[in-house]
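> So that we are looking at the same thing, I have put the structure below in structure tokens.
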Protein chains: 4
Amino acid sequence: MAPTVKRIGVLTAGGDCPGLNAVIRAVVKDACFNGLEVLGIEDGFLGLIEDRLRPLSQDHVSNILTQGGTILGSSNKANPLRFATGTNADGTPRIEDVSARVIATIQKHGLDCIVVIGGDGSMSIAHELTEKARSGGVELRFVGVPKTIDNDLMGTEITFGHATAVATATDALDKLHSTAASHHRVMVVEVMGRNAGWIALSAGLASGSDAILIPEIPFHLETVCDMVISRGRRGKRFSIICVAEGAAPVGEQQKIAKIDPTSPDPVRLGGIAEWLASAVEQETRIESRYVVLGHVQRGGTPVAQDRVLATSLGFRAMELLRDSRFGRMVAVQGGQLTDVAIDQVAGRQRKVPLDHPMLAAARAVYTTFGE
Amino acid sequence: MAPTVKRIGVLTAGGDCPGLNAVIRAVVKDACFNGLEVLGIEDGFLGLIEDRLRPLSQDHVSNILTQGGTILGSSNKANPLRFATGTNADGTPRIEDVSARVIATIQKHGLDCIVVIGGDGSMSIAHELTEKARSGGVELRFVGVPKTIDNDLMGTEITFGHATAVATATDALDKLHSTAASHHRVMVVEVMGRNAGWIALSAGLASGSDAILIPEIPFHLETVCDMVISRGRRGKRFSIICVAEGAAPVGEQQKIAKIDPTSPDPVRLGGIAEWLASAVEQETRIESRYVVLGHVQRGGTPVAQDRVLATSLGFRAMELLRDSRFGRMVAVQGGQLTDVAIDQVAGRQRKVPLDHPMLAAARAVYTTFGE
Amino acid sequence: MAPTVKRIGVLTAGGDCPGLNAVIRAVVKDACFNGLEVLGIEDGFLGLIEDRLRPLSQDHVSNILTQGGTILGSSNKANPLRFATGTNADGTPRIEDVSARVIATIQKHGLDCIVVIGGDGSMSIAHELTEKARSGGVELRFVGVPKTIDNDLMGTEITFGHATAVATATDALDKLHSTAASHHRVMVVEVMGRNAGWIALSAGLASGSDAILIPEIPFHLETVCDMVISRGRRGKRFSIICVAEGAAPVGEQQKIAKIDPTSPDPVRLGGIAEWLASAVEQETRIESRYVVLGHVQRGGTPVAQDRVLATSLGFRAMELLRDSRFGRMVAVQGGQLTDVAIDQVAGRQRKVPLDHPMLAAARAVYTTFGE
Amino acid sequence: MAPTVKRIGVLTAGGDCPGLNAVIRAVVKDACFNGLEVLGIEDGFLGLIEDRLRPLSQDHVSNILTQGGTILGSSNKANPLRFATGTNADGTPRIEDVSARVIATIQKHGLDCIVVIGGDGSMSIAHELTEKARSGGVELRFVGVPKTIDNDLMGTEITFGHATAVATATDALDKLHSTAASHHRVMVVEVMGRNAGWIALSAGLASGSDAILIPEIPFHLETVCDMVISRGRRGKRFSIICVAEGAAPVGEQQKIAKIDPTSPDPVRLGGIAEWLASAVEQETRIESRYVVLGHVQRGGTPVAQDRVLATSLGFRAMELLRDSRFGRMVAVQGGQLTDVAIDQVAGRQRKVPLDHPMLAAARAVYTTFGE
């Protein structure tokens with residue numbers, strides 16, 4: 001017989017994403033309706049390590065549907081299996097496995113299942129924790145809700161928050177269009193997407209960008225400059241280049257984006273937009289400017305589509321949970337809500353396939369990918 | 001051997017829809033790139049009847065991607081097979097079949113194919129014209145691009161313009177939320193959807209409406225009032241009701257929405273929102289107000305998603321055309337771009353199925369459909 | 001010596017207005033900083049009648065700056081001097097003076113002063129209550145913060161909420177512009193403004209409306225139709241008419257806007273936009289549509305300008321209060337913050353002067369006022 | 001007797017600014033109505049140097065009211081009195097006075113007056129050209145329309161485009177608020193304002209920023225960090241810092257903002273936001289991120305207020321011109337439209353006065369200026 005779920009936890013992990021609160025609201029409302037207790041876990045997995053949980057009732061999720069951020073807080077760096085607990089004698093961080101603390105917290109509060117709203121890293125943690133606990137004879141139960149503005153999570157076609165990030169990027173590109181046109185400039189706009197170019201592709205296509213540069217397609221600076229120059233010959237004295245932060249010219253990745261490998265949250269030392277604006281100006285002699293949109297893309301009121309998706313995914317996660325289908329992540333495939341095994345998506349990323357219809361559509365309206 | 005397409009026409013027919021210009025832009029750019037000539041047909045099928053066409057080049061579609069409306073103009077009432085050519089002796093309109101004029105215009109300009117951007121009515125006209133011409137030994141060739149803000153076209157899961165309409169409706173619902181809460185009121189918001197409740201369902205779910213009333217589910221006034229009253233008991237002294245213009249209480253359709261059957265564009269004599277606000281206030285003694293959003297939903301800059309979809313559909317229509325796959329309408333099925341036979345979608349509408357996941361998700365966050 | 005103010009109340013009265021929460025936040029934060037206690041009075045003057053007050057601390061005003069509505073609630077019909085306490089034997093409402101209850105509430109809670117955020121009606125109530133109490137030997141102290149989206153309050157050039165209402169109306173007019181142009185229609189848009197045309201004037205000018213009709217200038221239907229027809233002759237087959245709800249044709253006010261005189265909140269029986277669209281269509285034979293924006297104009301996140309103004313006015317009210325300058329309303333004159341006597345603004349409205357520069361600017365870009 | 005003006009020119013100079021097209025539209029419409037011919041001068045003063053002008057009719061200004069940018073183009077670096085005409089033998093740019101070319105262009109086209117829409121630099125150029133020409137016995141006539149998103153032009157309280165820039169910055173700050181709160185971060189947002197802090201002040205106040213740093217008030221890093229830490233102690237684990245690009249810590253200007261003095265458009269080598277985020281993180285040990293909004297603030301559809309202001313200023317400039325009041329710039333003073341002598345505003349900037357009411361209001365809601 002299936003285990004009866006009576007008390008659940010919910011946490012939000014990883015980078016910020018519009019729609020997190022909408023998922024939490026759906027989870028709590030569904031739980032209350034079905035007589036389940038819900039504990040909110042603060043700051044992602046950190047709340048499980050540090051035993052910071054609080055009860056969530058309907059009142060707590062009133063009026064949060066339209067709010068960006070997460071009422072539970074999040075944390076980017078709290079992996080219980082490799083947790084920085086202090087400093088070694090030589091000054092390096094001391095990394096320990098504190099999964100026992102997590103298990104103790106879960107058992108102390110009697111959580112029958114935890115809804116993990118997170119990305120591929122969070123799904124990995126959920127999976128590893130489950131394996132670890134099982135080897136010690138303890139059963140941990142998770143259901144996952146996919147979360148990333150980058151839309152690069154394996155197993156699902158679309159993630160909530162992505163549409164809002166695309167809308168924000170498109171709005172900025174729209175604004176820059178008129179300025180570029182008035183001043184006869186090249187405008188380089190860097191959007192998020194370290195590993196995958198979904199935001200750049202959608203926002204670039206939506207805004208009619210003249211070039212879209214994504215991590216999946218190493219670009220030739222020459223091709224980009226040729227586009228700028230040939231537009232000039234046709235009387236179009238400005239160009240818009242939408243570039244994903246992870247894009248790089250053929251063979252030049254290391255020179256441009258020096259990633260600090262020792263940092264858990266790698267920081268670029270100078271970004272691709274800055275480099276590109278400078279390189280294009282030097283090659284074409286046309287004034288070039290750049291803008292890095294940055295964290296603005298992670299915030300704000302979710303667009304309608306993301307609120308609908310987040311609510312639907314939250315509800316679907318509760319269905320999984322009530323059906324005792326643990327270890328699964330809700331997903332969208334073929335335009336339909338479905339679910340996949342967490343261990344199949346953990347730590348894996350979905351890149352833009354080179355035969356994606358959006359690439360063909362973009363080329364049809366004369367957008368170059370710098371090939 | 002497939003007929004060679006050298007010169008094409010493009011028209012936009014029916015009600016306004018954000019993204020029309022994005023489709024026209026994709027069609028013209030693709031055509032220019034592939035060496036096809038494009039004639040823009042003015043005001044939908046009326047331009048074919050009255051021989052009003054003009055050449056379209058890349059310059060004409062510059063800077064229109066983000067603009068609402070259509071640079072070609074549209075017309076709601078120009079069906080060449082039943083066209084009002086004047087007035088009979090008894091004052092009634094004289095309705096004639098002027099398809100011969102349409103065929104003459106097409107032949108005069110040597111149009112090898114016409115891209116029809118329109119709804120189910122426009123697809124019907126394209127189909128009927130094709131049949132009519134064929135019976136006279138003339139081959140007319142159309143490819144269709146589905147267009148309706150209502151998202152109720154058969155054969156495709158999603159139409160461009162719908163997301164923008166939902167965004168506009170959601171924005172209005174968000175604004176009314178704070179006012180309703182401050183004044184302890186019931187706020188009834190009427191959105192578009194004469195036959196199908198897609199806009200009401202998405203915008204209602206996105207805005208956290210307390211009731212969503214759609215044509216597919218006749219509602220009980222009592223159920224709606226019970227929701228209002230029971231919210232009041234829980235300290236929530238306001239409620240938001242999102243109602244599709246075509247929704248009606250069980251058994252009361254005729255009384256509320258008196259449609260003038262002689263009008264080609266039926267005008268409501270008093271709408272459902274007005275009736276409902278009055279009825280709810282009378283039953284619950286709670287102050288109720290209504291807003292009819294109306295044509296605002298048809299206008300404005302398309303949201304990013306609609307620009308991407310419209311561009312993709314326009315490009316796909318040109319692929320069909322270049323592959324001589326006439327009589328087909330581009331579509332989205334299973335989340336993928338595809339195409340369907342125009343005669344299979346002509347005049348048919350896609351209603352919200354009663355087992356749609358959005359209904360379940362809405363119920364999970366305590367939204368009533370008035371059942 | 002000036003009386004020392006130690007405990008104050010704050011209330012929001014009348015129709016909803018974006019920025020109310022920003023004023024409350026400024027009042028509470030300033031009070032806390034200066035060691036004053038604040039009680040929030042619920043639902044405007046009704047809270048004083050029914051003794052519903054609650055303490056407000058900094059935590060209560062956290063995160064409300066950007067929210068529409070008012071956390072305190074409001075009430076349109078709670079005038080303590082003419083309050084409906086029940087029903088007479090003959091079924092008419094029993095109207096009584098309950099100012100004694102208000103005075104008792106104020107004394108019970110030891111409120112040294114009350115910040116009234118309201119319109120001309122609320123200022124009248126504050127003034128009358130002060131007079132009434134004084135005649136009984138009691139000193140009531142109020143400071144006023146002007147509030148109306150209509151911007152028609154005497155003594156101040158600008159009120160918070162107005163810019164947001166204008167932005168909302170302009171956004172709707174922008175959306176309707178493309179639809180009107182695509183369909184060759186006349187589009188009539190009714191905005192708020194029962195007594196004064198400030199919203200219509202600003203939104204009409206901002207949106208490039210072809211006619212702006214305001215209560216201050218009775219219009220000739222013929223002039224409006226002439227504009228529509230002459231635009232048609234110049235190839236502009238659409239027109240946008242922005243009409244204030246209180247506008248009326250010369251000599252026809254009563255026929256169009258039948259106000260129910262027995263209702264404290266008069267309800268139009270059919271509005272000016274509906275009438276006008278019908279009349280213009282009949283006269284010009286050009287398809288005409290109308291939209292009534294309604295309560296949407298009262299809600300939503302305040303625009304930046306309104307947040308700055310509301311915060312500044314709230315702070316200024318606290319300065320008045322701390323300086324014991326009671327019976328004053330904060331105001332803007334000559335572009336500067338200042339204050340005026342409440343009794344000089346009570347119940348008075350500021351209409352658009354016929355020599356206002358915006359009228360001249362509108363005429364310069366070919367907008368007619370229907371004269 | 002006053003000279004009769006029959007043919008005028010209009011140009012837009014300097015950085016991009018929302019509302020430029022609205023001014024052009026008002027100028028052209030007013031001119032057409034009054035029977036004046038208008039020539040549009042391309043790319044600011046560069047069009048006068050290079051003799052690039054084109055006639056403007058009503059059709060050219062149709063549908064541009066809501067568009068960002070300028071249909072005439074602009075140029076940042078085209079000062080006819082110090083114009084780079086080529087390169088000297090030693091590789092340095094050859095700077096020449098080409099005002100004779102400008103005068104020749106004006107005389108060739110018979111321009112009786114030129115409407116200069118520009119900032120303090122453009123007003124200087126207009127003034128210098130007038131003087132130069134006069135010394136040669138030629139009378140040049142200009143009227144000015146003040147333009148800067150920074151709002152730092154002397155002689156006028158407000159400039160069009162500023163409200164739109166503030167709205168864009170506030171929107172970004174709103175979005176970042178939720179992300180900062182969810183992740184317990186300090187978020188530093190750099191807005192435009194090299195010499196004056198108007199944008200930072202308005203957007204910071206509108207968004208409830210915890211610190212506002214402006215060029216007028218050199219800040220102490222310690223004060224900023226104290227604010228961050230003391231908020232943490234009150235349970236507010238995030239802070240928002242809105243910083244003008246020209247702000248700098250006390251005594252540290254040179255270290256942070258290394259300006260390249262040889263560049264005509266000085267480029268920062270690392271900006272204040274980057275420095276500040278790093279410094280705050282180091283001092284407080286709280287994760288800090290920064291965003292530089294950049295050129296996004298110059299673009300986009302002008303907000304309603306800016307469209308009204310731009311239209312009013314354009315009309316007013318035409319009144320000046322028709323009244324032969326040359327050498328004047330339209331302005332707003334005391335909330336009223338007026339005008340000032342161009343030579344009194346040329347090259348001068350209006351900084352935020354330290355006793356401005358917005359500073360007091362900001363302090364009242366606990367915002368620090370880092371003093």
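Ligands are numbered from 1 in the order shown, residues from 1 within each chain, and chains are lettered A, B, ... in the order they appear in the structure tokens.
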If we count only C-alpha atoms, what is near Thr311 in chain A at a cut-off of 9 Å, once residues fewer than 2 positions away on the same chain are taken out, given as a list in words?
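Counting only the stated atoms, we get Gly19, Ala22, Val23, Ile24, Arg25, Ala26, Val27, Leu65, Asp306, Arg307, Val308, Leu309, Leu313, Gly314, Phe315 and Arg316 of chain A; Leu205, Ala206, Met358, Ala361, Ala362, Ala364 and Val365 of chain B.
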> Quick one: pick out all strand (DSSP E or B) residues within range 81-248 of chain C from a backbone DSSP run and write them as an MDAnalysis selection string.
chainID C and resid 83:87 93:96 113:118 142:147 153 160 186:191 211:213 219 239:244
> What does the file look like for those residues with N, CA and C atoms, as an mmCIF file, in the first residue's frame?

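Final file, result16.cif:
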```
data_model
loop_
_atom_site.group_PDB
_atom_site.id
_atom_site.type_symbol
_atom_site.label_atom_id
_atom_site.label_comp_id
_atom_site.auth_asym_id
_atom_site.auth_seq_id
_atom_site.Cartn_x
_atom_site.Cartn_y
_atom_site.Cartn_z
ATOM 1 N N PHE C 83 -25.134 59.998 8.089
ATOM 2 C CA PHE C 83 -24.824 58.580 7.999
ATOM 3 C C PHE C 83 -26.101 57.750 7.990
ATOM 4 N N ALA C 84 -26.144 56.770 7.081
ATOM 5 C CA ALA C 84 -27.325 55.903 7.000
ATOM 6 C C ALA C 84 -27.247 54.850 8.098
ATOM 7 N N THR C 85 -28.039 55.026 9.138
ATOM 8 C CA THR C 85 -27.953 54.113 10.286
ATOM 9 C C THR C 85 -28.973 52.989 10.210
ATOM 10 N N GLY C 86 -29.889 53.073 9.269
ATOM 11 C CA GLY C 86 -30.881 52.004 9.163
ATOM 12 C C GLY C 86 -31.974 52.434 8.207
ATOM 13 N N THR C 87 -33.153 51.905 8.401
ATOM 14 C CA THR C 87 -34.253 52.171 7.493
ATOM 15 C C THR C 87 -35.440 52.713 8.279
ATOM 16 N N PRO C 93 -33.953 55.332 3.722
ATOM 17 C CA PRO C 93 -32.840 55.196 4.668
ATOM 18 C C PRO C 93 -32.950 56.233 5.777
ATOM 19 N N ARG C 94 -32.593 55.813 6.979
ATOM 20 C CA ARG C 94 -32.589 56.758 8.086
ATOM 21 C C ARG C 94 -31.210 57.400 8.159
ATOM 22 N N ILE C 95 -31.170 58.698 7.958
ATOM 23 C CA ILE C 95 -29.906 59.434 7.937
ATOM 24 C C ILE C 95 -29.735 60.165 9.267
ATOM 25 N N GLU C 96 -28.588 59.912 9.937
ATOM 26 C CA GLU C 96 -28.366 60.559 11.218
ATOM 27 C C GLU C 96 -26.977 61.186 11.284
ATOM 28 N N CYS C 113 -4.090 63.845 16.539
ATOM 29 C CA CYS C 113 -4.323 64.402 15.213
ATOM 30 C C CYS C 113 -4.605 63.242 14.256
ATOM 31 N N ILE C 114 -5.360 63.526 13.211
ATOM 32 C CA ILE C 114 -5.635 62.495 12.212
ATOM 33 C C ILE C 114 -5.202 63.002 10.843
ATOM 34 N N VAL C 115 -4.441 62.146 10.134
ATOM 35 C CA VAL C 115 -4.076 62.451 8.755
ATOM 36 C C VAL C 115 -5.166 61.894 7.850
ATOM 37 N N VAL C 116 -5.881 62.786 7.173
ATOM 38 C CA VAL C 116 -6.969 62.385 6.286
ATOM 39 C C VAL C 116 -6.456 62.408 4.846
ATOM 40 N N ILE C 117 -6.403 61.241 4.228
ATOM 41 C CA ILE C 117 -5.994 61.159 2.834
ATOM 42 C C ILE C 117 -7.276 61.010 2.029
ATOM 43 N N GLY C 118 -7.691 62.081 1.372
ATOM 44 C CA GLY C 118 -8.985 62.023 0.696
ATOM 45 C C GLY C 118 -9.184 63.169 -0.264
ATOM 46 N N PHE C 142 -7.020 67.827 12.312
ATOM 47 C CA PHE C 142 -6.778 67.072 11.084
ATOM 48 C C PHE C 142 -5.685 67.744 10.264
ATOM 49 N N VAL C 143 -4.908 66.923 9.543
ATOM 50 C CA VAL C 143 -4.165 67.482 8.407
ATOM 51 C C VAL C 143 -4.580 66.647 7.199
ATOM 52 N N GLY C 144 -4.649 67.305 6.053
ATOM 53 C CA GLY C 144 -5.169 66.637 4.867
ATOM 54 C C GLY C 144 -4.086 66.342 3.848
ATOM 55 N N VAL C 145 -4.270 65.231 3.135
ATOM 56 C CA VAL C 145 -3.441 64.926 1.967
ATOM 57 C C VAL C 145 -4.388 64.757 0.788
ATOM 58 N N PRO C 146 -4.239 65.589 -0.250
ATOM 59 C CA PRO C 146 -5.194 65.590 -1.351
ATOM 60 C C PRO C 146 -5.096 64.306 -2.181
ATOM 61 N N LYS C 147 -6.239 63.732 -2.508
ATOM 62 C CA LYS C 147 -6.276 62.469 -3.232
ATOM 63 C C LYS C 147 -7.408 62.441 -4.233
ATOM 64 N N LEU C 153 -8.966 68.708 -7.552
ATOM 65 C CA LEU C 153 -9.101 69.229 -6.210
ATOM 66 C C LEU C 153 -8.598 70.668 -6.187
ATOM 67 N N PHE C 160 -1.608 63.002 -6.377
ATOM 68 C CA PHE C 160 -1.024 61.694 -6.687
ATOM 69 C C PHE C 160 -2.130 60.764 -7.206
ATOM 70 N N VAL C 186 -14.041 54.553 -36.245
ATOM 71 C CA VAL C 186 -13.995 55.549 -35.190
ATOM 72 C C VAL C 186 -14.000 54.794 -33.871
ATOM 73 N N MET C 187 -13.072 55.142 -32.998
ATOM 74 C CA MET C 187 -13.006 54.492 -31.698
ATOM 75 C C MET C 187 -13.219 55.555 -30.631
ATOM 76 N N VAL C 188 -14.255 55.368 -29.829
ATOM 77 C CA VAL C 188 -14.561 56.303 -28.747
ATOM 78 C C VAL C 188 -14.129 55.677 -27.428
ATOM 79 N N VAL C 189 -13.305 56.383 -26.677
ATOM 80 C CA VAL C 189 -12.787 55.838 -25.427
ATOM 81 C C VAL C 189 -13.208 56.746 -24.279
ATOM 82 N N GLU C 190 -13.986 56.177 -23.358
ATOM 83 C CA GLU C 190 -14.454 56.970 -22.222
ATOM 84 C C GLU C 190 -13.521 56.805 -21.044
ATOM 85 N N VAL C 191 -13.000 57.937 -20.569
ATOM 86 C CA VAL C 191 -12.124 57.909 -19.397
ATOM 87 C C VAL C 191 -12.832 58.597 -18.237
ATOM 88 N N ALA C 211 -10.060 63.831 -31.249
ATOM 89 C CA ALA C 211 -10.972 64.714 -30.519
ATOM 90 C C ALA C 211 -10.815 64.420 -29.031
ATOM 91 N N ILE C 212 -10.907 65.469 -28.234
ATOM 92 C CA ILE C 212 -10.913 65.341 -26.774
ATOM 93 C C ILE C 212 -12.148 66.091 -26.290
ATOM 94 N N LEU C 213 -13.030 65.371 -25.616
ATOM 95 C CA LEU C 213 -14.288 65.985 -25.182
ATOM 96 C C LEU C 213 -14.329 65.982 -23.662
ATOM 97 N N PHE C 219 -19.810 69.989 -26.315
ATOM 98 C CA PHE C 219 -19.354 69.821 -27.699
ATOM 99 C C PHE C 219 -20.522 69.770 -28.683
ATOM 100 N N SER C 239 -10.458 57.472 -36.697
ATOM 101 C CA SER C 239 -10.324 58.574 -35.757
ATOM 102 C C SER C 239 -10.458 58.036 -34.343
ATOM 103 N N ILE C 240 -9.743 58.691 -33.434
ATOM 104 C CA ILE C 240 -9.810 58.333 -32.019
ATOM 105 C C ILE C 240 -10.432 59.499 -31.263
ATOM 106 N N ILE C 241 -11.466 59.205 -30.510
ATOM 107 C CA ILE C 241 -12.121 60.227 -29.696
ATOM 108 C C ILE C 241 -11.956 59.860 -28.230
ATOM 109 N N CYS C 242 -11.342 60.727 -27.468
ATOM 110 C CA CYS C 242 -11.155 60.505 -26.037
ATOM 111 C C CYS C 242 -12.166 61.376 -25.300
ATOM 112 N N VAL C 243 -13.085 60.754 -24.600
ATOM 113 C CA VAL C 243 -14.180 61.513 -23.996
ATOM 114 C C VAL C 243 -14.230 61.273 -22.485
ATOM 115 N N ALA C 244 -14.292 62.360 -21.721
ATOM 116 C CA ALA C 244 -14.473 62.253 -20.274
ATOM 117 C C ALA C 244 -15.901 61.825 -19.988
#
```
> Once DSSP has gone over the backbone, tell me which residues of range 117-330 of chain D are in helix (DSSP H, G or I), as a VMD selection string.
chain D and resid 120 to 135 162 to 183 198 to 207 221 to 233 253 to 256 272 to 284 294 to 298 304 to 322
> Filtering to C-alpha atoms, could you give me those residues as a compact mmCIF listing (two decimals), in the first residue's frame?

```
# COMPACT_ATOMS: atom_id res chain seq x y z
CA ASP D 120 23.33 72.50 -22.86
CA GLY D 121 26.01 71.65 -25.41
CA SER D 122 23.65 72.21 -28.31
CA MET D 123 22.44 75.50 -26.85
CA SER D 124 26.09 76.58 -26.61
CA ILE D 125 26.64 75.71 -30.24
CA ALA D 126 23.53 77.65 -31.27
CA HIS D 127 24.71 80.63 -29.26
CA GLU D 128 28.28 80.51 -30.57
CA LEU D 129 27.11 80.15 -34.15
CA THR D 130 24.86 83.17 -33.73
CA GLU D 131 27.73 85.24 -32.37
CA LYS D 132 30.12 84.04 -35.03
CA ALA D 133 27.70 84.82 -37.82
CA ARG D 134 26.85 88.20 -36.35
CA SER D 135 30.52 89.16 -36.32
CA HIS D 162 13.42 62.53 -17.92
CA ALA D 163 10.15 61.00 -16.69
CA THR D 164 10.59 58.10 -19.12
CA ALA D 165 14.17 57.49 -17.97
CA VAL D 166 13.00 57.55 -14.35
CA ALA D 167 10.19 55.11 -15.22
CA THR D 168 12.66 52.73 -16.88
CA ALA D 169 15.07 52.92 -13.95
CA THR D 170 12.25 52.45 -11.43
CA ASP D 171 10.97 49.43 -13.32
CA ALA D 172 14.43 47.84 -13.16
CA LEU D 173 14.77 48.66 -9.46
CA ASP D 174 11.35 47.10 -8.81
CA LYS D 175 12.43 43.92 -10.56
CA LEU D 176 15.70 43.74 -8.65
CA HIS D 177 13.94 44.28 -5.33
CA SER D 178 12.36 40.83 -5.29
CA THR D 179 15.58 39.13 -6.33
CA ALA D 180 17.61 40.93 -3.70
CA ALA D 181 15.07 40.02 -1.02
CA SER D 182 14.94 36.35 -2.04
CA HIS D 183 18.68 35.95 -2.05
CA TRP D 198 18.02 63.68 -10.71
CA ILE D 199 17.37 60.23 -12.16
CA ALA D 200 18.92 58.46 -9.19
CA LEU D 201 17.00 60.63 -6.75
CA SER D 202 13.59 60.15 -8.38
CA ALA D 203 14.00 56.48 -9.22
CA GLY D 204 15.58 55.74 -5.86
CA LEU D 205 12.75 57.44 -3.99
CA ALA D 206 10.11 55.84 -6.23
CA SER D 207 11.53 52.37 -5.71
CA LEU D 221 31.47 53.93 2.04
CA GLU D 222 31.26 53.35 5.76
CA THR D 223 27.85 55.01 6.00
CA VAL D 224 26.54 52.86 3.19
CA CYS D 225 27.88 49.69 4.81
CA ASP D 226 26.45 50.72 8.19
CA MET D 227 23.04 50.97 6.58
CA VAL D 228 23.39 47.48 5.10
CA ILE D 229 24.49 46.01 8.41
CA SER D 230 21.88 47.76 10.52
CA ARG D 231 19.14 46.62 8.15
CA GLY D 232 20.45 43.07 8.61
CA ARG D 233 20.11 43.47 12.37
CA GLN D 253 36.75 60.20 -7.43
CA GLN D 254 39.93 59.72 -9.40
CA LYS D 255 40.63 56.18 -8.26
CA ILE D 256 37.26 54.84 -9.26
CA ILE D 272 31.04 53.15 -9.74
CA ALA D 273 28.51 50.31 -9.43
CA GLU D 274 31.11 47.63 -10.01
CA TRP D 275 33.46 49.24 -7.51
CA LEU D 276 30.74 49.76 -4.93
CA ALA D 277 29.32 46.23 -5.08
CA SER D 278 32.80 44.85 -4.59
CA ALA D 279 33.61 47.27 -1.76
CA VAL D 280 30.33 46.65 0.08
CA GLU D 281 30.71 42.88 -0.18
CA GLN D 282 34.22 43.09 1.17
CA GLU D 283 33.22 45.30 4.11
CA THR D 284 29.94 43.64 5.05
CA GLY D 294 22.98 52.08 -19.48
CA HIS D 295 21.43 53.08 -22.76
CA VAL D 296 18.11 51.36 -22.03
CA GLN D 297 17.26 54.57 -20.15
CA ARG D 298 17.50 56.63 -23.33
CA ALA D 304 2.37 59.98 -21.22
CA GLN D 305 3.81 62.86 -19.23
CA ASP D 306 6.77 63.22 -21.62
CA ARG D 307 4.55 63.16 -24.67
CA VAL D 308 2.43 65.95 -23.24
CA LEU D 309 5.49 67.97 -22.24
CA ALA D 310 7.29 67.43 -25.56
CA THR D 311 4.20 68.42 -27.54
CA SER D 312 3.67 71.50 -25.38
CA LEU D 313 7.30 72.57 -25.68
CA GLY D 314 7.31 72.05 -29.44
CA PHE D 315 4.20 74.17 -29.80
CA ARG D 316 5.62 76.83 -27.52
CA ALA D 317 8.81 76.97 -29.56
CA MET D 318 6.71 77.67 -32.63
CA GLU D 319 4.94 80.47 -30.78
CA LEU D 320 8.32 82.04 -29.97
CA LEU D 321 9.35 81.68 -33.58
CA ARG D 322 6.15 83.15 -34.93
```
> Please provide as a PyMOL selection string all residues within 12 Å of Gln333 in chain A, with the sequence filter that same-chain residues fewer than 3 positions apart are discarded (counting only C-alpha atoms).
(chain A and resi 154-159+330+336-340) or (chain B and resi 333-336)
> Against chain B, which residues of chain D fall within 12 Å? For each one I want the closest pair of atoms and the distance in Å (one decimal), counting only C-alpha atoms, rows by chain and increasing residue number, as CSV.

```
residue,atom,partner,partner_atom,distance
D:Asn63,CA,B:Gln67,CA,10.8
D:Ile64,CA,B:Asn63,CA,11.9
D:Thr66,CA,B:Gln67,CA,11.1
D:Gln67,CA,B:Gln67,CA,10.6
D:Gly300,CA,B:Thr66,CA,11.9
D:Thr301,CA,B:Thr301,CA,11.2
```
> At what distance in Å, to one decimal, does CA of Ala196 in chain D lie from CA of Arg185 in chain A?
25.7 Å
